[in-house]
>>> print(open('input_27.txt').read())   # compact mmCIF, C-alpha atoms
# COMPACT_ATOMS: atom_id res chain seq x y z
CA MET A 41 123.63 39.02 68.77
CA SER A 42 123.48 35.86 66.71
CA LEU A 43 126.66 34.28 65.35
CA ARG A 44 125.30 34.72 61.85
CA SER A 45 124.92 38.48 62.09
CA GLN A 46 128.27 38.75 63.90
CA LEU A 47 129.91 36.97 60.98
CA LEU A 48 128.16 39.19 58.43
CA LYS A 49 129.18 42.31 60.32
CA GLY A 50 132.80 41.23 60.47
CA VAL A 51 132.87 40.49 56.74
CA LEU A 52 131.07 43.74 55.94
CA GLU A 53 133.56 45.71 58.04
CA GLY A 54 136.42 44.13 56.11
CA CYS A 55 134.75 45.09 52.83
CA ILE A 56 134.20 48.67 54.02
CA LEU A 57 137.88 48.97 54.99
CA ALA A 58 138.91 47.63 51.58
CA ILE A 59 136.69 50.09 49.70
CA ILE A 60 137.84 53.04 51.79
CA LYS A 61 141.47 52.03 51.19
CA GLN A 62 140.98 52.42 47.43
CA GLU A 63 139.67 55.95 47.75
CA SER A 64 138.03 58.07 50.43
CA VAL A 65 134.24 57.93 50.15
CA TYR A 66 131.20 59.37 51.89
CA GLY A 67 128.32 57.33 53.30
CA TYR A 68 125.99 57.24 50.33
CA GLU A 69 128.83 56.57 47.91
CA LEU A 70 129.94 53.65 50.07
CA SER A 71 126.50 52.05 50.06
CA VAL A 72 126.28 52.41 46.26
CA LYS A 73 129.69 50.73 45.88
CA LEU A 74 128.72 47.84 48.13
CA GLN A 75 125.64 47.32 45.98
CA GLN A 76 127.65 47.55 42.78
CA PHE A 77 129.77 44.68 44.09
CA GLY A 78 126.55 42.70 44.48
CA LEU A 79 125.90 43.05 48.20
CA ASN A 80 122.28 43.96 47.53
CA ASP A 81 120.89 42.40 50.68
CA VAL A 82 122.84 44.72 52.93
CA SER A 83 120.33 47.38 53.91
CA GLU A 84 121.69 50.86 53.19
CA GLY A 85 121.35 52.16 56.71
CA SER A 86 123.34 49.34 58.25
CA ILE A 87 126.63 50.87 57.15
CA TYR A 88 126.31 53.77 59.60
CA PRO A 89 126.59 51.85 62.87
CA LEU A 90 129.60 50.11 61.34
CA LEU A 91 131.19 53.38 60.22
CA LEU A 92 130.72 54.73 63.76
CA ARG A 93 132.29 51.62 65.25
CA LEU A 94 135.26 51.78 62.89
CA GLN A 95 135.74 55.45 63.75
CA LYS A 96 135.55 54.74 67.46
CA ALA A 97 138.16 52.01 67.07
CA GLY A 98 140.37 54.49 65.22
CA LEU A 99 140.49 52.41 62.02
CA ILE A 100 138.97 55.14 59.87
CA ALA A 101 138.65 58.89 60.24
CA GLY A 102 136.00 61.19 58.82
CA GLU A 103 136.46 64.71 57.58
CA MET A 104 133.88 67.20 56.31
CA ARG A 105 134.87 68.62 52.94
CA ASP A 106 133.33 69.80 49.68
CA SER A 107 132.14 67.10 47.31
CA PRO A 108 132.41 67.42 43.51
CA SER A 109 128.63 67.86 43.36
CA GLY A 110 128.78 70.83 45.74
CA PRO A 111 127.58 70.21 49.31
CA LYS A 112 129.93 69.34 52.14
CA ARG A 113 130.15 65.62 52.83
CA LYS A 114 131.89 63.56 55.46
CA TYR A 115 134.64 61.65 53.66
CA TYR A 116 136.26 58.66 55.32
CA HIS A 117 139.85 57.61 54.93
CA LEU A 118 141.85 54.75 56.42
CA THR A 119 144.16 55.39 59.35
CA GLU A 120 147.42 53.53 59.89
CA LYS A 121 145.65 51.30 62.39
CA GLY A 122 142.97 50.73 59.76
CA GLU A 123 145.56 49.60 57.20
CA GLU A 124 146.83 47.03 59.71
CA ALA A 125 143.29 45.87 60.50
CA LEU A 126 142.60 45.45 56.78
CA GLN A 127 145.78 43.38 56.34
CA ASP A 128 144.74 41.20 59.30
CA PHE A 129 141.29 40.77 57.81
CA ILE A 130 142.72 39.77 54.41
CA THR A 131 145.05 37.23 56.04
CA GLU A 132 142.22 35.76 58.12
CA TRP A 133 139.89 35.69 55.15
CA GLU A 134 142.46 33.94 52.95
CA SER A 135 143.08 31.35 55.64
CA ILE A 136 139.44 30.41 56.06
CA ARG A 137 138.14 30.94 52.52
CA ASN A 138 139.50 27.74 50.97
CA PRO A 139 138.79 25.43 53.89
CA VAL A 140 135.23 26.75 54.16
CA GLU A 141 134.63 26.40 50.43
CA ASN A 142 136.08 22.87 50.48
CA ILE A 143 133.90 21.90 53.40
CA LEU A 144 130.80 23.27 51.71
CA ARG A 145 131.61 21.70 48.35
CA GLY A 146 132.93 18.52 49.94
CA GLY A 147 129.65 18.22 51.82
CA THR A 148 127.65 18.17 48.64
CA SER A 149 130.02 15.80 46.81
CA ASN A 150 129.90 13.35 49.73
CA GLU A 151 126.14 13.44 49.47
CA ARG A 152 126.37 12.65 45.79
CA GLU A 153 128.77 9.74 46.38
CA ARG A 154 126.46 8.29 48.97
CA PHE A 155 123.49 8.57 46.67
CA GLY A 156 125.64 7.06 43.90
CA GLN A 157 126.38 3.98 46.03
CA THR A 158 122.78 3.18 46.76
CA MET B 199 132.40 72.60 60.51
CA ASN B 200 131.35 72.82 64.11
CA ALA B 201 128.14 71.50 65.63
CA LYS B 202 126.31 74.82 65.45
CA ASP B 203 126.91 75.18 61.69
CA LEU B 204 125.83 71.58 61.17
CA VAL B 205 122.55 72.21 63.02
CA LYS B 206 121.88 75.23 60.81
CA LEU B 207 122.70 73.29 57.64
CA ASN B 208 120.46 70.45 58.83
CA ASN B 209 117.52 72.84 59.33
CA GLU B 210 117.92 74.09 55.77
CA LYS B 211 118.39 70.70 54.09
CA ARG B 212 115.55 69.04 55.96
CA LYS B 213 113.05 71.16 54.03
CA GLN B 214 113.82 69.13 50.89
CA LEU B 215 112.40 65.93 52.43
CA ASN B 216 108.86 64.93 51.54
CA GLU B 217 106.37 64.79 54.38
CA HIS B 218 106.61 61.08 55.07
CA ASN B 219 110.40 61.02 55.10
CA ARG B 220 110.58 64.20 57.13
CA ASN B 221 108.35 62.77 59.86
CA TYR B 222 110.48 59.64 59.97
CA TYR B 223 113.76 61.55 59.97
CA GLU B 224 112.74 64.19 62.52
CA ASP B 225 111.80 61.51 65.02
CA MET B 226 115.30 60.08 64.64
CA LEU B 227 116.79 63.54 65.01
CA VAL B 228 114.88 64.36 68.20
CA TYR B 229 115.59 60.93 69.67
CA ILE B 230 119.34 61.13 69.03
CA ARG B 231 119.64 64.76 70.15
CA SER B 232 117.73 63.97 73.36
CA HIS B 233 120.76 61.92 74.45
CA LEU B 234 122.53 64.94 75.88
CA LEU B 235 125.67 63.17 77.03
CA LEU B 236 126.72 62.09 73.54
CA SER B 237 129.39 64.05 71.68
CA GLU B 238 127.48 66.88 70.05
CA GLN B 239 129.92 67.18 67.16
CA GLN B 240 129.77 63.46 66.33
CA SER B 241 125.98 63.34 66.70
CA GLU B 242 125.46 66.28 64.35
CA GLU B 243 127.91 64.88 61.79
CA LEU B 244 125.99 61.62 61.87
CA LEU B 245 122.61 63.37 61.57
CA ILE B 246 123.72 65.30 58.49
CA GLU B 247 125.12 62.09 56.95
CA LEU B 248 121.82 60.28 57.49
CA LEU B 249 119.95 63.27 56.04
CA ASP B 250 122.18 63.45 52.96
CA HIS B 251 121.71 59.73 52.43
CA LEU B 252 117.95 59.97 52.78
CA LEU B 253 117.81 62.91 50.34
CA GLU B 254 119.76 60.91 47.73
CA ALA B 255 117.54 57.88 48.30
CA GLN B 256 114.43 60.04 47.99
CA LYS B 257 115.66 61.24 44.60
CA HIS B 258 115.76 57.59 43.54
CA GLY B 259 112.21 57.03 44.73
CA LYS B 260 113.07 55.27 47.99
CA SER B 261 111.43 55.84 51.36
CA ALA B 262 113.06 56.23 54.76
CA GLU B 263 111.94 52.67 55.60
CA ASP B 264 113.86 51.36 52.59
CA VAL B 265 117.03 53.00 53.88
CA PHE B 266 116.87 52.73 57.67
CA GLY B 267 114.41 49.86 58.13
CA LYS B 268 110.99 49.52 59.71
CA ASP B 269 112.14 49.93 63.31
CA PRO B 270 113.76 53.38 63.55
CA LYS B 271 114.05 53.25 67.35
CA ALA B 272 116.07 50.02 67.31
CA TYR B 273 118.20 51.47 64.52
CA CYS B 274 118.86 54.67 66.48
CA ASP B 275 119.68 52.69 69.62
CA GLU B 276 122.32 50.85 67.61
CA LEU B 277 123.78 54.15 66.38
CA ILE B 278 123.71 55.61 69.90
CA ARG B 279 125.61 52.61 71.26
CA GLN B 280 128.42 53.42 68.84
CA LEU B 281 128.46 57.20 69.23
CA PRO B 282 131.22 58.50 71.51
CA LYS B 283 130.28 60.28 74.75
CA GLU B 284 130.92 63.99 75.12
CA LYS B 285 134.28 64.70 76.77
CA LYS B 286 133.97 65.18 80.56
CA LYS B 287 135.94 68.41 80.27
CA ASN B 288 133.36 69.86 77.85
CA ILE B 289 130.45 68.85 80.08
CA TYR B 290 132.02 70.48 83.16
CA ALA B 291 132.86 73.62 81.20
CA PHE B 292 129.30 73.84 79.91
CA VAL B 293 127.70 73.27 83.34
CA GLY B 294 130.06 75.82 84.89
CA TYR B 295 129.21 78.29 82.15
CA LEU B 296 125.47 77.78 82.81
CA MET B 297 125.99 78.32 86.55
CA ILE B 298 127.78 81.63 86.06
CA GLN B 299 125.15 82.73 83.58
CA LEU B 300 122.32 81.77 85.95
CA PHE B 301 124.07 83.74 88.70
CA ALA B 302 124.23 86.81 86.45
CA LEU B 303 120.57 86.47 85.48
CA ILE B 304 119.43 86.14 89.12
CA THR B 305 121.46 89.21 90.08
CA LEU B 306 120.03 91.20 87.18
CA ALA B 307 116.45 90.09 87.83
CA THR B 308 116.46 90.81 91.57
CA GLY B 309 118.24 94.12 90.85
CA ALA B 310 115.55 95.17 88.38
CA VAL B 311 112.77 94.21 90.81
CA GLU B 312 114.40 96.21 93.60
CA LEU B 313 114.95 99.22 91.36
CA VAL B 314 111.26 99.35 90.46
CA ALA B 315 110.14 98.61 94.05
CA GLU B 316 112.38 101.38 95.41
CA LEU B 317 110.24 103.91 93.50
CA PHE B 318 107.25 103.10 95.67
CA THR B 319 108.53 101.90 99.02
CA ASP B 320 111.54 101.36 101.25
CA VAL B 321 113.30 98.15 100.30
CA ASP B 322 115.54 96.03 102.49
CA ASP B 323 118.77 95.64 100.51
CA THR B 324 120.27 93.03 102.82
CA VAL B 325 121.69 89.85 101.27
CA TYR B 326 122.72 86.94 103.48
CA LEU B 327 125.55 85.32 101.57
CA GLY B 328 125.12 81.91 103.22
CA LYS B 329 121.46 81.71 102.34
CA ALA B 330 122.09 83.14 98.88
CA PHE B 331 124.68 80.45 98.19
CA VAL B 332 122.48 77.57 99.37
CA LEU B 333 119.52 78.93 97.38
CA PHE B 334 121.63 79.19 94.29
CA VAL B 335 122.89 75.62 94.46
CA ILE B 336 119.44 74.17 95.16
CA ASN B 337 117.78 76.24 92.42
CA PHE B 338 120.42 75.20 89.90
CA ALA B 339 119.82 71.55 90.77
CA ILE B 340 116.05 72.07 90.38
CA ILE B 341 116.57 73.58 86.92
CA LEU B 342 118.79 70.69 85.82
CA LEU B 343 116.20 68.22 87.08
CA GLY B 344 113.42 70.09 85.25
CA VAL B 345 115.41 70.08 82.01
CA ALA B 346 116.18 66.36 82.39
CA ILE B 347 112.49 65.53 82.90
CA ILE B 348 111.46 67.60 79.87
CA VAL B 349 114.11 65.99 77.66
CA LEU B 350 113.12 62.50 78.79
CA TRP B 351 109.47 63.30 78.09
CA ILE B 352 110.30 64.52 74.59
CA ARG B 353 112.41 61.41 73.97
CA LYS B 354 109.56 59.18 75.10
CA SER B 355 107.12 60.90 72.75
CA THR B 356 109.15 60.05 69.61
CA PHE B 357 108.48 57.08 67.31
CA ARG B 358 104.79 56.87 68.06
CA ASP B 359 102.14 56.87 65.38
CA ASP B 360 100.80 60.13 66.74
CA SER B 361 104.17 61.77 67.41
CA ASN B 362 103.74 64.33 64.65
CA THR B 363 100.09 65.17 65.11
CA PHE B 364 98.83 68.51 66.37
CA ASN B 365 97.31 66.87 69.46
CA SER B 366 100.57 65.34 70.56
CA LYS B 367 102.37 68.66 70.11
CA VAL B 368 99.76 70.43 72.26
CA LYS B 369 100.15 67.70 74.88
CA THR B 370 103.93 68.10 74.92
CA PHE B 371 103.55 71.88 75.22
CA LEU B 372 101.19 71.52 78.19
CA ILE B 373 103.50 69.06 79.95
CA VAL B 374 106.49 71.36 79.46
CA TRP B 375 104.47 74.29 80.77
CA PHE B 376 103.33 72.23 83.78
CA ILE B 377 106.94 71.33 84.62
CA PHE B 378 107.88 75.01 84.39
CA CYS B 379 105.17 75.82 86.93
CA ILE B 380 106.42 73.14 89.32
CA VAL B 381 110.01 74.38 88.97
CA PHE B 382 108.89 77.94 89.71
CA GLY B 383 106.81 76.80 92.67
CA MET B 384 109.83 74.99 94.08
CA PHE B 385 111.91 78.18 93.79
CA VAL B 386 109.39 79.98 96.00
CA LEU B 387 109.17 77.08 98.45
CA VAL B 388 112.97 76.80 98.82
CA GLU B 389 113.27 80.58 99.33
CA ARG B 390 110.88 80.31 102.31
CA LEU B 391 112.41 77.17 103.82
CA VAL B 392 116.08 78.20 103.84
CA PRO B 393 116.86 80.30 106.94
CA GLU B 394 118.82 83.54 106.78
CA PHE B 395 122.44 82.97 107.74
CA GLY B 396 125.95 83.92 106.73
CA TYR B 397 127.77 87.15 106.08
CA ARG B 398 125.49 90.17 105.51
CA ILE B 399 125.99 92.66 102.70
CA GLU B 400 123.93 95.56 101.42
CA ALA B 401 123.32 95.47 97.67
CA GLY B 402 120.82 97.89 96.16
CA GLY B 403 119.10 97.61 92.77
CA MET B 404 121.67 99.63 90.84
CA VAL B 405 124.62 97.76 92.38
CA ARG B 406 123.08 94.39 91.49
CA ILE B 407 122.36 95.38 87.92
CA LEU B 408 125.89 96.67 87.37
CA PHE B 409 127.38 93.56 88.98
CA GLY B 410 125.08 91.30 86.94
CA LEU B 411 126.09 93.02 83.70
CA LEU B 412 129.75 92.65 84.63
CA VAL B 413 129.37 88.90 85.25
CA LEU B 414 127.43 88.55 81.98
CA ALA B 415 130.26 90.28 80.14
CA VAL B 416 132.73 87.87 81.74
CA THR B 417 130.71 84.81 80.62
CA TRP B 418 130.55 86.30 77.12
CA LEU B 419 134.34 86.70 77.06
CA LEU B 420 134.90 83.21 78.50
CA ASN B 421 132.62 81.72 75.87
CA LYS B 422 134.39 83.58 73.09
CA LYS B 423 137.81 82.54 74.32
CA PHE B 424 137.08 78.86 75.08
CA ARG B 425 134.22 78.35 72.61
CA ILE B 426 132.07 76.66 75.25
CA THR B 427 128.84 76.77 73.24
CA LYS B 428 130.87 76.56 69.99
>>> encode(input="input_27.txt", output="structure tokens")
Amino acid sequence: MSLRSQLLKGVLEGCILAIIKQESVYGYELSVKLQQFGLNDVSEGSIYPLLLRLQKAGLIAGEMRDSPSGPKRKYYHLTEKGEEALQDFITEWESIRNPVENILRGGTSNERERFGQT
Amino acid sequence: MNAKDLVKLNNEKRKQLNEHNRNYYEDMLVYIRSHLLLSEQQSEELLIELLDHLLEAQKHGKSAEDVFGKDPKAYCDELIRQLPKEKKKNIYAFVGYLMIQLFALITLATGAVELVAELFTDVDDTVYLGKAFVLFVINFAIILLGVAIIVLWIRKSTFRDDSNTFNSKVKTFLIVWFIFCIVFGMFVLVERLVPEFGYRIEAGGMVRILFGLLVLAVTWLLNKKFRITK
């Protein structure tokens, strides 16, 4: 697997944990929420391998129960281990977010300075 | 909800898919179910989730490709990698259950044949326990092998452009039938090759049928108590 898709998967997993922490959701609901947050490029189906992986790792647990609209759905909620994993993700994200943004922005400003000199 | 209920629910809900989406989805379903060593409960929960999602997407005018992508086999392989295996304990219980049931069926079948044959001629009721045991083990292995080959064939015939055509279904039927014939032929061959040995008992048609029914009742009770087939 390429580094790029690894990175995307890791970030997406963090987002899924964060959404599930707010309230328990079922698969379709989750994909709608991700899109509402603007993650339109994430193909809908790609959440299911991730949900399976998170379940296998014991970070989330699914449970079949009635949905407001009627049919039974599998709702996911965070486990204790999942809460910890989410905290870890937030800490890691906070620690790399600013440096990465600075590097990216710094890169472009350096370019501008160089062009300014010539 | 256990796996059996989920299968039933899936059969009902699947009817709401349009033809294109149903063909796409049913290939995924057959492919995932053909992996017999995966946890049945988890597989069926996943299949119903995917179906629910596809039904919602269909309502919004999307196709299965929009949801699961253009390469359903690669997508399913990814799902299968993440699905947990069935617990060893459940597999052993299920195989043991099948063995006892096969034993009951063989006893019943040979008993019925003897009972009918006895009407016309003298029948030798002798059973050599050693031979009977060896035959049973070999025949069970042959059946498992036959089932494995059929399942692998069905798995291989998914995700092809022609996988839902009438022709391909006829072809699959013929192959399955052919494998049945080979399995049956091997039963006969093994019966002839294994020599008679071991402790001798006399068991007439009536005795076998009663014994077979008793064993069948035991498997039924075991299944009810331990929910082997859920």
>>> atom_distance(input="input_27.txt", atom1="atom CA of B:Val335", atom2="atom CA of B:Phe292")
16.0 Å
>>> closest_residue(input="input_27.txt", among="A:Arg113, A:Leu90, A:Gly102, A:Leu48", to="B:His251", atoms="only C-alpha atoms")
A:Arg113
>>> residues_around(input="input_27.txt", residues="B:Ile341", least_positions_apart="6", cutoff="12 Å", atoms="all atoms listed in the file", output="PyMOL selection string")
chain B and resi 293+296-297+300+334-335+347-348+377-385
>>> closest_residue(input="input_27.txt", among="A:Gln76, A:Ser45, A:Thr119, A:Ser64", to="A:Arg105", atoms="only C-alpha atoms")
A:Ser64
>>> closest_atom_pairs(input="input_27.txt", of="chain A", to="chain B", cutoff="6 Å", atoms="all atoms listed in the file", output="CSV")
residue,atom,partner,partner_atom,distance
A:Tyr68,CA,B:His251,CA,5.4
A:Glu84,CA,B:Val265,CA,5.2
A:Gly85,CA,B:Phe266,CA,4.6
A:Pro89,CA,B:Leu277,CA,5.1
A:Leu92,CA,B:Gln280,CA,5.7
A:Arg93,CA,B:Gln280,CA,5.6
>>> residues_around(input="input_27.txt", residues="stretch 220-227 of chain B", least_positions_apart="3", cutoff="7 Å", atoms="only C-alpha atoms", output="PyMOL selection string")
chain B and resi 215-217+230-231+245+262+270+274+356-357+362
>>> atom_distance(input="input_27.txt", atom1="atom CA of B:Val388", atom2="atom CA of B:Ile336")
7.9 Å
>>> closest_residue(input="input_27.txt", among="A:Glu120, A:Leu94, A:Val140, A:Met104", to="B:Ala201", atoms="only C-alpha atoms")
A:Met104
>>> atom_distance(input="input_27.txt", atom1="atom CA of A:Lys61", atom2="atom CA of A:Leu118")
5.9 Å
>>> closest_residue(input="input_27.txt", among="B:Phe424, B:Phe409, B:Phe331, B:Phe364", to="B:Ala310", atoms="all atoms listed in the file")
B:Phe409
>>> residues_around(input="input_27.txt", residues="A:Pro108", least_positions_apart="4", cutoff="12 Å", atoms="only C-alpha atoms", output="compact mmCIF listing (two decimals) with C-alpha atoms, in the coordinates of the input")
# COMPACT_ATOMS: atom_id res chain seq x y z
CA VAL A 65 134.24 57.93 50.15
CA TYR A 66 131.20 59.37 51.89
CA LYS A 112 129.93 69.34 52.14
CA ARG A 113 130.15 65.62 52.83
CA TYR A 115 134.64 61.65 53.66
